[in-house]
Amino acid sequence: MKKRPWLLYAIITTTFWGVWGALIEIPEKAGFPATLGYSVWALTMIIPATIALSLVGWKLESDRKSIFLGLVIGFTGAGGQLILFQALRSGPAYLVFPFISLSPVVTILLSYIFLKERASVRGWLGIVLALIAIPLLSYQSATNNGDSGYLWIVLSLIVFLAWGFQAYVMKFANKTMKAESIFFYMTLTGILLIPVALLMTDFSQPINWGFKGPYLTAMIQILNSIGALMLVFAFRYGKAMIVSPMTNALAPVITIVISLLIYQVIPQPVIIAGMVLAIVSAFLLAIEEE
């Protein structure tokens with residue numbers, strides 16, 4: 001771990017995101033919309049952002065380049081989440097999720113071309129297995145949705161490109177600015193987009209404002225926020241083409257295992273195959289030489 005600090009941060013990220021993924025549907029099923037969940041998440045980002053900045057003496061990069069890169073990372077990440085909400089409203093989830101889950105492909109290509117990142121044969125095998133595992137882990141049974149049209153394809157493509165580009169810029173920005181500053185701008189952009197999330201919320205429907213609403217959501221979303229901060233640190237020390245597929249493949253495995261324990265639902269064979277490939281991939285990427 002001392003020789004590979006990126007691995008420690010990547011493991012923390014996948015663990016927190018895995019637990020978050022298993023629990024986040026609880027408030028949603030209790031009547032607290034995902035768009036409001038986004039708003040709560042953006043606010044919980046303030047906590048790790050404040051702690052991170054305090055640990056570096058509140059030294060925030062505020063030059064034009066740093067602000068630009070920070071805002072690009074923030075808007076592609078948080079903005080992509082809001083676009084995903086709309087994609088799921090207009091298209092089938094069983095097609096949307098596998099599509100956008102392959103965003104690490106964009107990160108890998110950009111990192112290979114512009115950052116000159118390379119991997120060993122073992123590393124490339126891990127990357128390929130991760131890219132196969134990710135859509136398998138996102139598999140959902142088909143449902144009747146005959147009037148979905150084509151808008152969801154465009155929206156899913158935007159999210160796919162945005163999240164892949166975000167990870168690339170996150171690595172690029174880490175070369176010239178502190179991870180704490182990057183996360184600060186991620187927090188800022190997330191908060192700035194809260195009004196958009198509120199406009200997307202259907203307030204005519206019953207909303208649970210009790211404990212299982214915003215309060216439980218905050219307790220769960222803080223896991224997402226801490227995981228996001230750890231991801232920035234993982235990109236600081238590790239290769240983007242390694243960190244991105246690893247975290248995207250391993251976090252769903254943890255989610256599925258926890259969900260199995262909580263809901264006692266056996267995953268479909270496709271998902272089980274994805275879990276096996278993800279675990280093998282994570283092992284190969286973890287032992288990849290830096």
# chains A, B, ... in the order shown; residues from 1 in each chain; ligands from 1

$ residues_around --residues "Leu43 (chain A)" --least-positions-apart "6" --cutoff "9 Å" --atoms "only C-alpha atoms" --output "list in words"
Thr187, Gly190, Ile191 and Ala218 of chain A

$ closest_residue --among "A:Leu82, A:Ala130, A:Phe233, A:Gly149" --to "Leu199 (chain A)" --atoms "only C-alpha atoms"
A:Leu82

$ closest_residue --among "A:Phe235, A:Phe16, A:Tyr139, A:Phe32" --to "Pro98 (chain A)" --atoms "only C-alpha atoms"
A:Tyr139

$ closest_atom_pairs --of "region 109-215 of chain A" --to "region 264-285 of chain A" --cutoff "10 Å" --atoms "only C-alpha atoms" --output "CSV"
residue,atom,partner,partner_atom,distance
A:Ala119,CA,A:Leu285,CA,9.4
A:Ser120,CA,A:Leu285,CA,9.9
A:Val121,CA,A:Leu284,CA,9.9
A:Arg122,CA,A:Leu284,CA,6.3
A:Gly123,CA,A:Leu285,CA,5.5
A:Trp124,CA,A:Leu285,CA,8.4
A:Leu125,CA,A:Ser281,CA,7.5
A:Gly126,CA,A:Ser281,CA,4.2
A:Ile127,CA,A:Ser281,CA,6.8
A:Val128,CA,A:Ser281,CA,8.0
A:Leu129,CA,A:Ser281,CA,5.5
A:Ala130,CA,A:Ser281,CA,5.5
A:Leu131,CA,A:Ala278,CA,8.8
A:Ile132,CA,A:Gly274,CA,7.4
A:Ala133,CA,A:Gly274,CA,4.3
A:Ile134,CA,A:Gly274,CA,6.8
A:Pro135,CA,A:Gly274,CA,7.9
A:Leu136,CA,A:Gly274,CA,5.0
A:Leu137,CA,A:Ile271,CA,4.9
A:Ser138,CA,A:Ile271,CA,7.6
A:Tyr139,CA,A:Ile271,CA,6.7
A:Gln140,CA,A:Ile271,CA,9.0
A:Ser141,CA,A:Gln268,CA,9.3

$ select_by_dssp --residues "region 202-271 of chain A" --states "alpha helix (DSSP H)" --output "ChimeraX atom specification"
/A:216-237,240-263,269-271

$ closest_residue --among "A:Ile26, A:Ala52, A:Ile153, A:Val196" --to "Phe211 (chain A)" --atoms "only C-alpha atoms"
A:Ile26

$ residues_around --residues "Ser259 (chain A)" --least-positions-apart "4" --cutoff "12 Å" --atoms "only C-alpha atoms" --output "list in words"
Gly18, Val19, Trp20, Gly21, Ala22, Leu23, Ile24, Glu25, Ile26, Pro252, Val253, Ile254, Thr255, Tyr263, Gln264, Val265, Ile266 and Pro267 of chain A

$ write_last_selection --atoms "all heavy atoms" --output "tab-separated table (two decimals), in the first residue's frame"
chain	number	residue	atom	x	y	z
A	18	GLY	N	-19.71	1.24	-2.93
A	18	GLY	CA	-20.44	-0.02	-2.93
A	18	GLY	C	-21.54	-0.03	-1.88
A	18	GLY	O	-22.67	-0.45	-2.15
A	19	VAL	N	-21.22	0.43	-0.67
A	19	VAL	CA	-22.23	0.51	0.39
A	19	VAL	C	-23.30	1.53	0.02
A	19	VAL	O	-24.50	1.28	0.19
A	19	VAL	CB	-21.57	0.89	1.73
A	19	VAL	CG1	-22.62	1.03	2.81
A	19	VAL	CG2	-20.53	-0.16	2.13
A	20	TRP	N	-22.88	2.67	-0.49
A	20	TRP	CA	-23.83	3.71	-0.93
A	20	TRP	C	-24.80	3.15	-1.97
A	20	TRP	O	-26.01	3.38	-1.88
A	20	TRP	CB	-23.05	4.89	-1.50
A	20	TRP	CG	-23.88	5.83	-2.31
A	20	TRP	CD1	-24.76	6.78	-1.85
A	20	TRP	CD2	-23.93	5.92	-3.74
A	20	TRP	NE1	-25.35	7.44	-2.91
A	20	TRP	CE2	-24.86	6.93	-4.07
A	20	TRP	CE3	-23.28	5.23	-4.77
A	20	TRP	CZ2	-25.15	7.28	-5.40
A	20	TRP	CZ3	-23.57	5.57	-6.09
A	20	TRP	CH2	-24.49	6.58	-6.38
A	21	GLY	N	-24.28	2.42	-2.94
A	21	GLY	CA	-25.12	1.89	-4.00
A	21	GLY	C	-26.17	0.92	-3.50
A	21	GLY	O	-27.27	0.84	-4.03
A	22	ALA	N	-25.83	0.17	-2.43
A	22	ALA	CA	-26.77	-0.81	-1.89
A	22	ALA	C	-27.86	-0.16	-1.06
A	22	ALA	O	-28.97	-0.70	-0.95
A	22	ALA	CB	-26.01	-1.82	-1.04
A	23	LEU	N	-27.58	1.01	-0.48
A	23	LEU	CA	-28.53	1.63	0.45
A	23	LEU	C	-29.34	2.76	-0.15
A	23	LEU	O	-30.40	3.11	0.37
A	23	LEU	CB	-27.77	2.17	1.68
A	23	LEU	CG	-26.96	1.14	2.49
A	23	LEU	CD1	-26.25	1.85	3.64
A	23	LEU	CD2	-27.86	0.04	3.01
A	24	ILE	N	-28.87	3.35	-1.25
A	24	ILE	CA	-29.48	4.58	-1.74
A	24	ILE	C	-30.93	4.40	-2.20
A	24	ILE	O	-31.72	5.34	-2.20
A	24	ILE	CB	-28.63	5.19	-2.89
A	24	ILE	CG1	-29.10	6.61	-3.21
A	24	ILE	CG2	-28.69	4.30	-4.13
A	24	ILE	CD1	-29.06	7.56	-2.05
A	25	GLU	N	-31.28	3.18	-2.58
A	25	GLU	CA	-32.66	2.98	-3.03
A	25	GLU	C	-33.66	2.96	-1.88
A	25	GLU	O	-34.87	3.06	-2.11
A	25	GLU	CB	-32.76	1.68	-3.84
A	25	GLU	CG	-32.53	0.42	-3.04
A	25	GLU	CD	-32.73	-0.84	-3.86
A	25	GLU	OE1	-32.94	-0.73	-5.08
A	25	GLU	OE2	-32.68	-1.93	-3.27
A	26	ILE	N	-33.19	2.84	-0.65
A	26	ILE	CA	-34.10	2.82	0.51
A	26	ILE	C	-34.91	4.11	0.62
A	26	ILE	O	-36.14	4.07	0.67
A	26	ILE	CB	-33.33	2.53	1.81
A	26	ILE	CG1	-32.70	1.13	1.75
A	26	ILE	CG2	-34.26	2.64	3.02
A	26	ILE	CD1	-31.86	0.79	2.96
A	252	PRO	N	-19.67	-1.90	-7.97
A	252	PRO	CA	-20.93	-2.65	-8.12
A	252	PRO	C	-20.90	-4.03	-7.49
A	252	PRO	O	-21.93	-4.53	-7.05
A	252	PRO	CB	-21.10	-2.74	-9.65
A	252	PRO	CG	-20.31	-1.61	-10.20
A	252	PRO	CD	-19.14	-1.48	-9.28
A	253	VAL	N	-19.72	-4.65	-7.45
A	253	VAL	CA	-19.61	-5.97	-6.82
A	253	VAL	C	-19.96	-5.88	-5.34
A	253	VAL	O	-20.71	-6.70	-4.80
A	253	VAL	CB	-18.18	-6.54	-6.99
A	253	VAL	CG1	-18.03	-7.84	-6.19
A	253	VAL	CG2	-17.88	-6.79	-8.46
A	254	ILE	N	-19.42	-4.86	-4.68
A	254	ILE	CA	-19.71	-4.66	-3.26
A	254	ILE	C	-21.19	-4.36	-3.07
A	254	ILE	O	-21.83	-4.87	-2.14
A	254	ILE	CB	-18.85	-3.51	-2.70
A	254	ILE	CG1	-17.36	-3.88	-2.81
A	254	ILE	CG2	-19.22	-3.22	-1.24
A	254	ILE	CD1	-16.42	-2.77	-2.40
A	255	THR	N	-21.75	-3.55	-3.96
A	255	THR	CA	-23.19	-3.23	-3.90
A	255	THR	C	-24.03	-4.49	-4.00
A	255	THR	O	-24.98	-4.69	-3.22
A	255	THR	CB	-23.57	-2.27	-5.04
A	255	THR	OG1	-22.89	-1.03	-4.85
A	255	THR	CG2	-25.08	-2.02	-5.06
A	263	TYR	N	-31.42	-7.90	0.99
A	263	TYR	CA	-32.68	-8.24	0.33
A	263	TYR	C	-32.80	-9.72	0.00
A	263	TYR	O	-33.86	-10.18	-0.41
A	263	TYR	CB	-32.83	-7.42	-0.96
A	263	TYR	CG	-32.67	-5.93	-0.73
A	263	TYR	CD1	-31.56	-5.25	-1.22
A	263	TYR	CD2	-33.63	-5.21	-0.01
A	263	TYR	CE1	-31.41	-3.88	-1.01
A	263	TYR	CE2	-33.48	-3.85	0.20
A	263	TYR	CZ	-32.36	-3.19	-0.30
A	263	TYR	OH	-32.21	-1.85	-0.08
A	264	GLN	N	-31.69	-10.47	0.15
A	264	GLN	CA	-31.68	-11.91	-0.09
A	264	GLN	C	-32.21	-12.27	-1.48
A	264	GLN	O	-33.03	-13.17	-1.64
A	264	GLN	CB	-32.49	-12.63	0.99
A	264	GLN	CG	-31.91	-12.43	2.40
A	264	GLN	CD	-32.69	-13.17	3.46
A	264	GLN	OE1	-33.80	-13.63	3.24
A	264	GLN	NE2	-32.10	-13.30	4.65
A	265	VAL	N	-31.73	-11.52	-2.47
A	265	VAL	CA	-32.10	-11.78	-3.86
A	265	VAL	C	-30.86	-12.29	-4.59
A	265	VAL	O	-29.83	-11.62	-4.62
A	265	VAL	CB	-32.62	-10.50	-4.54
A	265	VAL	CG1	-32.92	-10.78	-6.02
A	265	VAL	CG2	-33.86	-9.99	-3.83
A	266	ILE	N	-30.95	-13.46	-5.17
A	266	ILE	CA	-29.82	-14.06	-5.89
A	266	ILE	C	-29.63	-13.34	-7.22
A	266	ILE	O	-30.57	-13.22	-8.00
A	266	ILE	CB	-30.07	-15.56	-6.14
A	266	ILE	CG1	-30.33	-16.30	-4.81
A	266	ILE	CG2	-28.86	-16.17	-6.86
A	266	ILE	CD1	-29.17	-16.22	-3.85
A	267	PRO	N	-28.41	-12.85	-7.51
A	267	PRO	CA	-28.16	-12.16	-8.78
A	267	PRO	C	-28.35	-13.09	-9.97
A	267	PRO	O	-28.19	-14.31	-9.86
A	267	PRO	CB	-26.69	-11.72	-8.66
A	267	PRO	CG	-26.38	-11.78	-7.20
A	267	PRO	CD	-27.23	-12.88	-6.65

$ atom_distance --atom1 "CA of Ser181 (chain A)" --atom2 "CA of Ile12 (chain A)"
19.8 Å
